[in-house]
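Data from entry01.pdb: PDB, C-alpha atoms and all ligand atoms
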```pdb
ATOM      1  CA  MET A  28      75.513  98.644 126.483  1.00  0.00           C
ATOM      2  CA  THR A  29      72.786  96.395 127.836  1.00  0.00           C
ATOM      3  CA  GLN A  30      73.285  92.753 128.537  1.00  0.00           C
ATOM      4  CA  GLU A  31      70.523  90.518 127.230  1.00  0.00           C
ATOM      5  CA  LYS A  32      69.157  88.050 129.759  1.00  0.00           C
ATOM      6  CA  ASP A  33      66.754  85.118 129.652  1.00  0.00           C
ATOM      7  CA  SER A  34      63.683  84.768 131.887  1.00  0.00           C
ATOM      8  CA  THR A  35      65.828  83.450 134.759  1.00  0.00           C
ATOM      9  CA  GLY A  36      68.237  86.387 134.534  1.00  0.00           C
ATOM     10  CA  LEU A  37      71.006  84.396 132.871  1.00  0.00           C
ATOM     11  CA  ASP A  38      73.167  86.355 130.428  1.00  0.00           C
ATOM     12  CA  LEU A  39      72.365  85.076 126.919  1.00  0.00           C
ATOM     13  CA  ASP A  40      75.991  85.049 125.782  1.00  0.00           C
ATOM     14  CA  ILE A  41      76.946  82.921 128.778  1.00  0.00           C
ATOM     15  CA  LYS A  42      73.906  80.719 128.272  1.00  0.00           C
ATOM     16  CA  ASP A  43      75.000  80.134 124.689  1.00  0.00           C
ATOM     17  CA  ALA A  44      78.473  79.097 125.908  1.00  0.00           C
ATOM     18  CA  MET A  45      76.918  76.782 128.507  1.00  0.00           C
ATOM     19  CA  GLU A  46      74.742  75.093 125.907  1.00  0.00           C
ATOM     20  CA  GLY A  47      77.715  74.723 123.589  1.00  0.00           C
ATOM     21  CA  HIS A  48      79.724  73.226 126.423  1.00  0.00           C
ATOM     22  CA  GLU A  49      76.941  70.771 127.133  1.00  0.00           C
ATOM     23  CA  ARG A  50      77.096  69.563 123.511  1.00  0.00           C
ATOM     24  CA  PHE A  51      80.884  69.356 123.773  1.00  0.00           C
ATOM     25  CA  ARG A  52      80.605  67.221 126.932  1.00  0.00           C
ATOM     26  CA  GLN A  53      78.443  64.750 125.010  1.00  0.00           C
ATOM     27  CA  GLN A  54      81.048  64.662 122.245  1.00  0.00           C
ATOM     28  CA  PHE A  55      83.761  64.219 124.878  1.00  0.00           C
ATOM     29  CA  GLU A  56      82.009  61.152 126.264  1.00  0.00           C
ATOM     30  CA  ARG A  57      81.729  59.661 122.786  1.00  0.00           C
ATOM     31  CA  ASP A  58      85.427  60.318 122.088  1.00  0.00           C
ATOM     32  CA  ARG A  59      86.665  59.446 125.556  1.00  0.00           C
ATOM     33  CA  ALA A  60      89.603  57.343 124.344  1.00  0.00           C
ATOM     34  CA  PHE A  61      90.898  60.196 122.211  1.00  0.00           C
ATOM     35  CA  TYR A  62      90.664  62.730 125.023  1.00  0.00           C
ATOM     36  CA  ARG A  63      92.184  60.291 127.519  1.00  0.00           C
ATOM     37  CA  GLY A  64      95.143  59.971 125.153  1.00  0.00           C
ATOM     38  CA  LEU A  65      95.523  63.757 125.080  1.00  0.00           C
ATOM     39  CA  ALA A  66      95.380  63.970 128.863  1.00  0.00           C
ATOM     40  CA  THR A  67      97.851  61.202 129.564  1.00  0.00           C
ATOM     41  CA  LYS A  68     100.486  61.926 126.901  1.00  0.00           C
ATOM     42  CA  LYS A  69     102.693  64.958 126.388  1.00  0.00           C
ATOM     43  CA  GLN A  70     101.351  67.291 123.737  1.00  0.00           C
ATOM     44  CA  LYS A  71     102.984  66.872 120.328  1.00  0.00           C
ATOM     45  CA  PRO A  72     101.531  69.594 118.098  1.00  0.00           C
ATOM     46  CA  ARG A  73     102.318  69.656 114.382  1.00  0.00           C
ATOM     47  CA  LEU A  74     102.475  73.441 113.966  1.00  0.00           C
ATOM     48  CA  LEU A  75     103.165  76.602 115.878  1.00  0.00           C
ATOM     49  CA  TRP A  76     100.377  78.811 114.547  1.00  0.00           C
ATOM     50  CA  ILE A  77     100.730  82.560 114.983  1.00  0.00           C
ATOM     51  CA  GLY A  78      97.435  84.041 113.883  1.00  0.00           C
ATOM     52  CA  CYS A  79      95.038  86.920 114.302  1.00  0.00           C
ATOM     53  CA  ALA A  80      92.689  87.044 117.272  1.00  0.00           C
ATOM     54  CA  ASP A  81      89.791  87.694 114.868  1.00  0.00           C
ATOM     55  CA  SER A  82      86.850  85.519 115.934  1.00  0.00           C
ATOM     56  CA  ARG A  83      86.054  84.624 112.326  1.00  0.00           C
ATOM     57  CA  VAL A  84      89.470  83.167 111.536  1.00  0.00           C
ATOM     58  CA  VAL A  85      89.657  79.959 113.548  1.00  0.00           C
ATOM     59  CA  PRO A  86      92.877  77.998 112.941  1.00  0.00           C
ATOM     60  CA  ALA A  87      91.492  74.570 113.858  1.00  0.00           C
ATOM     61  CA  THR A  88      88.501  75.135 111.592  1.00  0.00           C
ATOM     62  CA  ILE A  89      90.380  76.295 108.507  1.00  0.00           C
ATOM     63  CA  THR A  90      92.963  73.507 108.808  1.00  0.00           C
ATOM     64  CA  ASN A  91      90.460  70.935 110.078  1.00  0.00           C
ATOM     65  CA  ALA A  92      92.805  70.255 113.014  1.00  0.00           C
ATOM     66  CA  ASP A  93      91.979  68.186 116.072  1.00  0.00           C
ATOM     67  CA  PRO A  94      92.859  69.150 119.634  1.00  0.00           C
ATOM     68  CA  GLY A  95      96.571  68.509 120.107  1.00  0.00           C
ATOM     69  CA  GLU A  96      97.609  69.497 116.583  1.00  0.00           C
ATOM     70  CA  LEU A  97      98.059  73.275 116.768  1.00  0.00           C
ATOM     71  CA  PHE A  98     100.112  75.190 119.303  1.00  0.00           C
ATOM     72  CA  GLU A  99      98.602  78.648 118.921  1.00  0.00           C
ATOM     73  CA  VAL A 100      99.413  82.228 119.650  1.00  0.00           C
ATOM     74  CA  ARG A 101      96.708  84.610 118.547  1.00  0.00           C
ATOM     75  CA  ASN A 102      96.854  88.358 118.877  1.00  0.00           C
ATOM     76  CA  ILE A 103      95.500  91.363 117.023  1.00  0.00           C
ATOM     77  CA  ALA A 104      96.921  91.355 113.471  1.00  0.00           C
ATOM     78  CA  ASN A 105      99.072  88.207 113.935  1.00  0.00           C
ATOM     79  CA  VAL A 106     102.071  90.177 115.139  1.00  0.00           C
ATOM     80  CA  VAL A 107     105.501  88.678 115.782  1.00  0.00           C
ATOM     81  CA  PRO A 108     107.248  91.466 117.693  1.00  0.00           C
ATOM     82  CA  PRO A 109     110.997  91.652 116.965  1.00  0.00           C
ATOM     83  CA  ALA A 110     112.969  89.737 119.584  1.00  0.00           C
ATOM     84  CA  ASP A 111     114.158  92.938 121.265  1.00  0.00           C
ATOM     85  CA  ALA A 112     110.655  94.463 121.548  1.00  0.00           C
ATOM     86  CA  ALA A 113     108.836  94.814 124.869  1.00  0.00           C
ATOM     87  CA  ASP A 114     106.582  91.779 124.472  1.00  0.00           C
ATOM     88  CA  GLU A 115     107.173  88.309 125.858  1.00  0.00           C
ATOM     89  CA  ALA A 116     104.026  86.410 124.842  1.00  0.00           C
ATOM     90  CA  VAL A 117     105.040  85.528 121.303  1.00  0.00           C
ATOM     91  CA  GLY A 118     108.731  84.938 122.081  1.00  0.00           C
ATOM     92  CA  ALA A 119     107.836  82.659 124.985  1.00  0.00           C
ATOM     93  CA  ALA A 120     105.535  80.615 122.741  1.00  0.00           C
ATOM     94  CA  ILE A 121     108.257  80.363 120.096  1.00  0.00           C
ATOM     95  CA  GLU A 122     110.843  79.205 122.630  1.00  0.00           C
ATOM     96  CA  TYR A 123     108.454  76.724 124.231  1.00  0.00           C
ATOM     97  CA  GLY A 124     106.993  75.443 120.964  1.00  0.00           C
ATOM     98  CA  VAL A 125     110.277  75.003 119.137  1.00  0.00           C
ATOM     99  CA  GLY A 126     112.622  74.370 122.055  1.00  0.00           C
ATOM    100  CA  HIS A 127     110.484  72.189 124.334  1.00  0.00           C
ATOM    101  CA  LEU A 128     107.770  70.715 122.134  1.00  0.00           C
ATOM    102  CA  GLY A 129     110.038  70.131 119.150  1.00  0.00           C
ATOM    103  CA  ILE A 130     107.791  71.831 116.600  1.00  0.00           C
ATOM    104  CA  ASP A 131     109.505  72.118 113.225  1.00  0.00           C
ATOM    105  CA  ASP A 132     107.034  74.312 111.307  1.00  0.00           C
ATOM    106  CA  ILE A 133     105.911  77.829 112.228  1.00  0.00           C
ATOM    107  CA  VAL A 134     102.975  79.371 110.364  1.00  0.00           C
ATOM    108  CA  VAL A 135     102.236  83.096 110.515  1.00  0.00           C
ATOM    109  CA  CYS A 136      98.710  83.422 109.179  1.00  0.00           C
ATOM    110  CA  GLY A 137      96.970  86.710 108.390  1.00  0.00           C
ATOM    111  CA  HIS A 138      93.620  87.196 106.725  1.00  0.00           C
ATOM    112  CA  THR A 139      91.835  89.450 104.267  1.00  0.00           C
ATOM    113  CA  GLY A 140      89.836  92.260 105.800  1.00  0.00           C
ATOM    114  CA  CYS A 141      91.976  92.323 108.972  1.00  0.00           C
ATOM    115  CA  GLY A 142      90.660  95.089 111.213  1.00  0.00           C
ATOM    116  CA  GLY A 143      93.997  95.264 113.016  1.00  0.00           C
ATOM    117  CA  ILE A 144      95.700  96.307 109.791  1.00  0.00           C
ATOM    118  CA  ALA A 145      92.796  98.441 108.589  1.00  0.00           C
ATOM    119  CA  ALA A 146      92.958 100.522 111.777  1.00  0.00           C
ATOM    120  CA  LEU A 147      95.907 102.568 110.554  1.00  0.00           C
ATOM    121  CA  LEU A 148      94.267 103.185 107.180  1.00  0.00           C
ATOM    122  CA  GLU A 149      91.324 104.933 108.816  1.00  0.00           C
ATOM    123  CA  PRO A 150      91.240 108.689 109.210  1.00  0.00           C
ATOM    124  CA  GLY A 151      92.810 109.579 112.550  1.00  0.00           C
ATOM    125  CA  GLY A 152      95.383 106.796 112.351  1.00  0.00           C
ATOM    126  CA  LEU A 153      96.581 105.200 115.577  1.00  0.00           C
ATOM    127  CA  PRO A 154      93.857 104.344 118.118  1.00  0.00           C
ATOM    128  CA  SER A 155      94.163 106.474 121.242  1.00  0.00           C
ATOM    129  CA  ASN A 156      93.791 103.494 123.591  1.00  0.00           C
ATOM    130  CA  ALA A 157      97.124 102.968 125.306  1.00  0.00           C
ATOM    131  CA  HIS A 158      97.686  99.258 124.734  1.00  0.00           C
ATOM    132  CA  LEU A 159      95.984  99.116 121.352  1.00  0.00           C
ATOM    133  CA  GLY A 160      97.867 102.147 120.104  1.00  0.00           C
ATOM    134  CA  ARG A 161     101.238 100.702 121.111  1.00  0.00           C
ATOM    135  CA  TRP A 162     100.360  97.297 119.628  1.00  0.00           C
ATOM    136  CA  MET A 163      99.363  98.829 116.290  1.00  0.00           C
ATOM    137  CA  GLU A 164     102.856 100.313 116.006  1.00  0.00           C
ATOM    138  CA  PHE A 165     103.979  96.794 115.081  1.00  0.00           C
ATOM    139  CA  THR A 166     101.992  97.081 111.832  1.00  0.00           C
ATOM    140  CA  LYS A 167     103.689 100.317 110.772  1.00  0.00           C
ATOM    141  CA  PRO A 168     106.519  98.866 108.634  1.00  0.00           C
ATOM    142  CA  ALA A 169     103.964  97.284 106.270  1.00  0.00           C
ATOM    143  CA  HIS A 170     101.916 100.478 106.120  1.00  0.00           C
ATOM    144  CA  GLN A 171     104.992 102.527 105.308  1.00  0.00           C
ATOM    145  CA  LEU A 172     106.135 100.096 102.606  1.00  0.00           C
ATOM    146  CA  ILE A 173     102.758  99.993 100.870  1.00  0.00           C
ATOM    147  CA  ALA A 174     102.233 103.746 101.193  1.00  0.00           C
ATOM    148  CA  ALA A 175     105.573 104.275  99.435  1.00  0.00           C
ATOM    149  CA  ALA A 176     104.650 101.766  96.709  1.00  0.00           C
ATOM    150  CA  ARG A 177     101.588 103.817  95.686  1.00  0.00           C
ATOM    151  CA  VAL A 178      99.279 100.809  95.511  1.00  0.00           C
ATOM    152  CA  PRO A 179      95.758 101.669  94.227  1.00  0.00           C
ATOM    153  CA  ASP A 180      93.307 102.381  97.057  1.00  0.00           C
ATOM    154  CA  GLU A 181      91.163  99.318  96.439  1.00  0.00           C
ATOM    155  CA  ASP A 182      94.178  96.989  96.763  1.00  0.00           C
ATOM    156  CA  ARG A 183      95.831  98.805  99.605  1.00  0.00           C
ATOM    157  CA  LEU A 184      94.433  96.902 102.578  1.00  0.00           C
ATOM    158  CA  THR A 185      95.188  93.438 101.172  1.00  0.00           C
ATOM    159  CA  ALA A 186      98.642  94.539  99.979  1.00  0.00           C
ATOM    160  CA  THR A 187      99.394  95.873 103.464  1.00  0.00           C
ATOM    161  CA  ILE A 188      98.134  92.673 105.105  1.00  0.00           C
ATOM    162  CA  LYS A 189     100.398  90.594 102.862  1.00  0.00           C
ATOM    163  CA  ALA A 190     103.417  92.853 103.430  1.00  0.00           C
ATOM    164  CA  HIS A 191     102.758  92.685 107.169  1.00  0.00           C
ATOM    165  CA  ILE A 192     102.880  88.876 107.079  1.00  0.00           C
ATOM    166  CA  GLN A 193     106.213  89.045 105.241  1.00  0.00           C
ATOM    167  CA  PHE A 194     107.588  91.436 107.876  1.00  0.00           C
ATOM    168  CA  GLN A 195     106.515  89.017 110.615  1.00  0.00           C
ATOM    169  CA  LEU A 196     108.517  86.257 108.873  1.00  0.00           C
ATOM    170  CA  ASP A 197     111.532  88.574 109.020  1.00  0.00           C
ATOM    171  CA  ASN A 198     110.808  89.238 112.692  1.00  0.00           C
ATOM    172  CA  LEU A 199     110.699  85.491 113.401  1.00  0.00           C
ATOM    173  CA  MET A 200     114.315  85.334 112.251  1.00  0.00           C
ATOM    174  CA  THR A 201     115.339  87.799 114.993  1.00  0.00           C
ATOM    175  CA  TYR A 202     114.769  84.990 117.547  1.00  0.00           C
ATOM    176  CA  PRO A 203     117.992  82.958 117.854  1.00  0.00           C
ATOM    177  CA  ILE A 204     116.108  79.658 118.220  1.00  0.00           C
ATOM    178  CA  VAL A 205     114.304  80.298 114.919  1.00  0.00           C
ATOM    179  CA  ARG A 206     117.305  81.633 113.021  1.00  0.00           C
ATOM    180  CA  GLU A 207     119.507  78.743 114.112  1.00  0.00           C
ATOM    181  CA  GLY A 208     116.797  76.167 113.366  1.00  0.00           C
ATOM    182  CA  VAL A 209     116.137  77.529 109.900  1.00  0.00           C
ATOM    183  CA  LEU A 210     119.845  77.788 109.046  1.00  0.00           C
ATOM    184  CA  ALA A 211     120.371  74.208 110.227  1.00  0.00           C
ATOM    185  CA  GLY A 212     117.449  73.021 108.072  1.00  0.00           C
ATOM    186  CA  ARG A 213     115.447  71.600 110.980  1.00  0.00           C
ATOM    187  CA  LEU A 214     112.798  74.360 111.117  1.00  0.00           C
ATOM    188  CA  ASN A 215     110.619  75.937 108.438  1.00  0.00           C
ATOM    189  CA  VAL A 216     108.667  79.177 108.596  1.00  0.00           C
ATOM    190  CA  HIS A 217     105.567  79.779 106.483  1.00  0.00           C
ATOM    191  CA  GLY A 218     103.581  82.934 105.702  1.00  0.00           C
ATOM    192  CA  TRP A 219      99.938  82.265 104.915  1.00  0.00           C
ATOM    193  CA  ILE A 220      96.891  84.413 104.251  1.00  0.00           C
ATOM    194  CA  TYR A 221      93.307  83.265 104.704  1.00  0.00           C
ATOM    195  CA  ASP A 222      90.812  84.688 102.223  1.00  0.00           C
ATOM    196  CA  MET A 223      87.573  85.306 104.108  1.00  0.00           C
ATOM    197  CA  GLN A 224      85.602  85.558 100.845  1.00  0.00           C
ATOM    198  CA  ASN A 225      86.372  82.099  99.468  1.00  0.00           C
ATOM    199  CA  GLY A 226      87.848  80.205 102.432  1.00  0.00           C
ATOM    200  CA  GLU A 227      91.191  79.617 100.713  1.00  0.00           C
ATOM    201  CA  LEU A 228      94.680  79.762 102.170  1.00  0.00           C
ATOM    202  CA  SER A 229      97.543  81.146 100.095  1.00  0.00           C
ATOM    203  CA  ALA A 230     101.219  80.821 100.959  1.00  0.00           C
ATOM    204  CA  TYR A 231     104.040  83.297 100.470  1.00  0.00           C
ATOM    205  CA  ASP A 232     106.783  81.984  98.221  1.00  0.00           C
ATOM    206  CA  SER A 233     109.961  83.370  99.745  1.00  0.00           C
ATOM    207  CA  GLN A 234     112.028  82.187  96.754  1.00  0.00           C
ATOM    208  CA  GLY A 235     109.844  83.612  93.991  1.00  0.00           C
ATOM    209  CA  GLY A 236     108.396  86.450  96.050  1.00  0.00           C
ATOM    210  CA  GLY A 237     104.734  85.860  95.176  1.00  0.00           C
ATOM    211  CA  TRP A 238     101.688  84.294  96.788  1.00  0.00           C
ATOM    212  CA  ARG A 239     100.055  81.107  95.572  1.00  0.00           C
ATOM    213  CA  GLY A 240      97.200  78.879  96.647  1.00  0.00           C
ATOM    214  CA  LEU A 241      98.270  76.442  99.339  1.00  0.00           C
ATOM    215  CA  LEU A 242      96.635  73.639  97.368  1.00  0.00           C
ATOM    216  CA  GLY A 243      98.202  74.866  94.102  1.00  0.00           C
TER
HETATM  217 ZN    ZN A 301      92.805  90.245 111.865  1.00  0.00          ZN
END
```

What is this file in structure tokens?
Amino acid sequence: MTQEKDSTGLDLDIKDAMEGHERFRQQFERDRAFYRGLATKKQKPRLLWIGCADSRVVPATITNADPGELFEVRNIANVVPPADAADEAVGAAIEYGVGHLGIDDIVVCGHTGCGGIAALLEPGGLPSNAHLGRWMEFTKPAHQLIAAARVPDEDRLTATIKAHIQFQLDNLMTYPIVREGVLAGRLNVHGWIYDMQNGELSAYDSQGGGWRGLLG
């Protein structure tokens, strides 16, 4: 791989980030009061958002959220490892978000065309990279369910992505702080999918079992 540089030898990707930051600094000056408020008060986010790391699925963009509104964990394929799994990142965010920040809504949001889910549908299966391969194991329950359901090939990826989101909602309930909060009626968990083709969010209806547009 070659790194593209400008005439002064500056990496173009870094230059792009620097120029973006310069525009942000101008915005920051215009909105100084807002940012001062963020800096001087404790954060009080509305949602704990557990989403995919995919660069095209940006939580603040698709919910039009301002800084301070979303407490985010993003990882490949929006995984919530079960509480007894060997991962602390998601559990720590859950405990901090719910226990310390007082968040009362958790959203697990997947998206159509998720490469993290598609990986196991490719010939060859699990990636051989050590970390990636182990991480992808967390998507296996959805793959196994959809494989057993004999879903037509063209629907298989989206069906697996949706099933995976539902499994992550189940996994959320393995964390005592979530289970107790939900049972006590002070915490809600939501499974959403973002459609990259039309920009729409749909929500899983845990009562009826289907998916429907978030806006109805
Ligand atoms: Zn993804």

For this session: Within 12 Å of ligand ZN 301 (chain A), which residues show up when you count only C-alpha atoms and all ligand atoms? List them as number ranges by chain, please.
Result: A: 77-85, 101-106, 135-146, 163, 166, 184-185, 188-189, 191-192, 220-223

Problem set entry | Shell around stretch 210-212 of chain A at 10 Å using all atoms listed in the file, local window under 5 positions removed, as a ChimeraX atom specification | /A:131,200,205

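Put simply, the PyMOL selection byres (((chain A and resi 169-171) around 8) and not hetatm) in this file takes in Leu147, Thr166, Lys167, Pro168, Leu172, Ile173, Ala174, Ala175, Thr187, Ile188, Ala190, His191 and Phe194 of chain A.
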
Exercise. Nearest to A:Ala113 among A:Leu148, A:Thr201, A:Asp132, A:Trp162, with distances taken over all atoms listed in the file: which residue is it?
Worked result: A:Trp162

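Residues surrounding A:Asp111 within 9 Å are Pro108, Asp114, Thr201 and Tyr202 of chain A [only C-alpha atoms; sequence separation below 3 positions excluded].
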
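Computed from the coordinates, the atom CA of A:Gly243 to atom CA of A:Asp93 distance equals 23.8 Å.
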
For this session: Would you list the contacts of A:Gly237 as number ranges by chain, taking every protein, DNA or RNA residue within 12 Å and counting only C-alpha atoms, but skipping same-chain residues closer than 2 positions in sequence?
Result: A: 186, 189-190, 193, 218-219, 229-235, 239-240

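Nearest to A:Trp76 of all the residues A:Phe165, A:Phe55, A:Phe98, A:Trp238 is A:Phe98, based on only C-alpha atoms.
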
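Each of A:Pro94, A:Glu164, A:Val216, A:Val134 was checked against A:Phe61 using all atoms listed in the file; the smallest atom-to-atom distance is that of A:Pro94.
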
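Put simply, atom CA of A:Glu227 is 10.3 Å away from atom CA of A:Thr90.
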
Problem set entry | Shell of 9 Å around A:Gly118, all atoms listed in the file, local chain residues under 3 positions omitted, as number ranges by chain | A: 107-110, 114-115, 121-123, 199, 202

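Comparing the minimum interatomic distances between A:Gln195 and each of A:His127, A:Arg177, A:Arg183, A:His217, counting all atoms listed in the file, we find that A:His217 sits nearest.
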
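Take atom CA of A:Asp197 and atom CA of A:Gly129: the distance between them is 21.1 Å.
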
Around all the atoms of stretch 133-143 of chain A listed in the file, with 8 Å of room on each side, what axis-aligned box do you get, giving centre and edge lengths in Å to one decimal, as AutoDock Vina command-line options?
```
--center_x 97.9 --center_y 86.5 --center_z 108.6 --size_x 32.1 --size_y 33.4 --size_z 24.7
```

For this session: Name the residues in contact with A:Ile41 at a cut-off of 12 Å, using all atoms listed in the file, excluding same-chain residues fewer than 5 positions from it; report them as a ChimeraX atom specification.
Result: /A:30-33,36,46-48

Same residues, C-alpha atoms, output as a PDB file, keeping the file's coordinate frame:
```pdb
ATOM      1  CA  GLN A  30      73.285  92.753 128.537  1.00  0.00           C
ATOM      2  CA  GLU A  31      70.523  90.518 127.230  1.00  0.00           C
ATOM      3  CA  LYS A  32      69.157  88.050 129.759  1.00  0.00           C
ATOM      4  CA  ASP A  33      66.754  85.118 129.652  1.00  0.00           C
ATOM      5  CA  GLY A  36      68.237  86.387 134.534  1.00  0.00           C
ATOM      6  CA  GLU A  46      74.742  75.093 125.907  1.00  0.00           C
ATOM      7  CA  GLY A  47      77.715  74.723 123.589  1.00  0.00           C
ATOM      8  CA  HIS A  48      79.724  73.226 126.423  1.00  0.00           C
TER       9      HIS A  48
END
```

Provide stretch 99-116 of chain A rebuilt to N, CA and C atoms, formatted as a compact mmCIF listing (two decimals), in the frame of the given file.
```
# COMPACT_ATOMS: atom_id res chain seq x y z
N GLU A 99 99.03 77.37 119.48
CA GLU A 99 98.60 78.65 118.92
C GLU A 99 98.99 79.85 119.76
N VAL A 100 99.37 80.89 119.06
CA VAL A 100 99.41 82.23 119.65
C VAL A 100 98.53 83.08 118.76
N ARG A 101 97.55 83.71 119.34
CA ARG A 101 96.71 84.61 118.55
C ARG A 101 96.73 85.98 119.21
N ASN A 102 96.91 86.98 118.39
CA ASN A 102 96.85 88.36 118.88
C ASN A 102 96.32 89.23 117.75
N ILE A 103 96.06 90.48 118.05
CA ILE A 103 95.50 91.36 117.02
C ILE A 103 96.52 91.56 115.90
N ALA A 104 96.11 91.20 114.69
CA ALA A 104 96.92 91.36 113.47
C ALA A 104 98.13 90.42 113.41
N ASN A 105 98.02 89.24 114.04
CA ASN A 105 99.07 88.21 113.94
C ASN A 105 100.48 88.80 113.93
N VAL A 106 100.78 89.50 115.02
CA VAL A 106 102.07 90.18 115.14
C VAL A 106 103.12 89.24 115.74
N VAL A 107 104.32 89.25 115.14
CA VAL A 107 105.50 88.68 115.78
C VAL A 107 106.40 89.86 116.13
N PRO A 108 106.38 90.34 117.36
CA PRO A 108 107.25 91.47 117.69
C PRO A 108 108.70 91.05 117.50
N PRO A 109 109.57 91.98 117.04
CA PRO A 109 111.00 91.65 116.96
C PRO A 109 111.49 91.20 118.34
N ALA A 110 112.52 90.36 118.34
CA ALA A 110 112.97 89.74 119.58
C ALA A 110 113.33 90.75 120.67
N ASP A 111 113.75 91.95 120.25
CA ASP A 111 114.16 92.94 121.26
C ASP A 111 113.01 93.87 121.67
N ALA A 112 111.79 93.60 121.20
CA ALA A 112 110.66 94.46 121.55
C ALA A 112 110.13 94.10 122.94
N ALA A 113 109.35 95.01 123.51
CA ALA A 113 108.84 94.81 124.87
C ALA A 113 107.57 93.96 124.85
N ASP A 114 107.71 92.72 124.42
CA ASP A 114 106.58 91.78 124.47
C ASP A 114 107.18 90.40 124.68
N GLU A 115 106.62 89.64 125.58
CA GLU A 115 107.17 88.31 125.86
C GLU A 115 106.26 87.18 125.39
N ALA A 116 105.00 87.48 125.10
CA ALA A 116 104.03 86.41 124.84
C ALA A 116 104.41 85.57 123.62
```
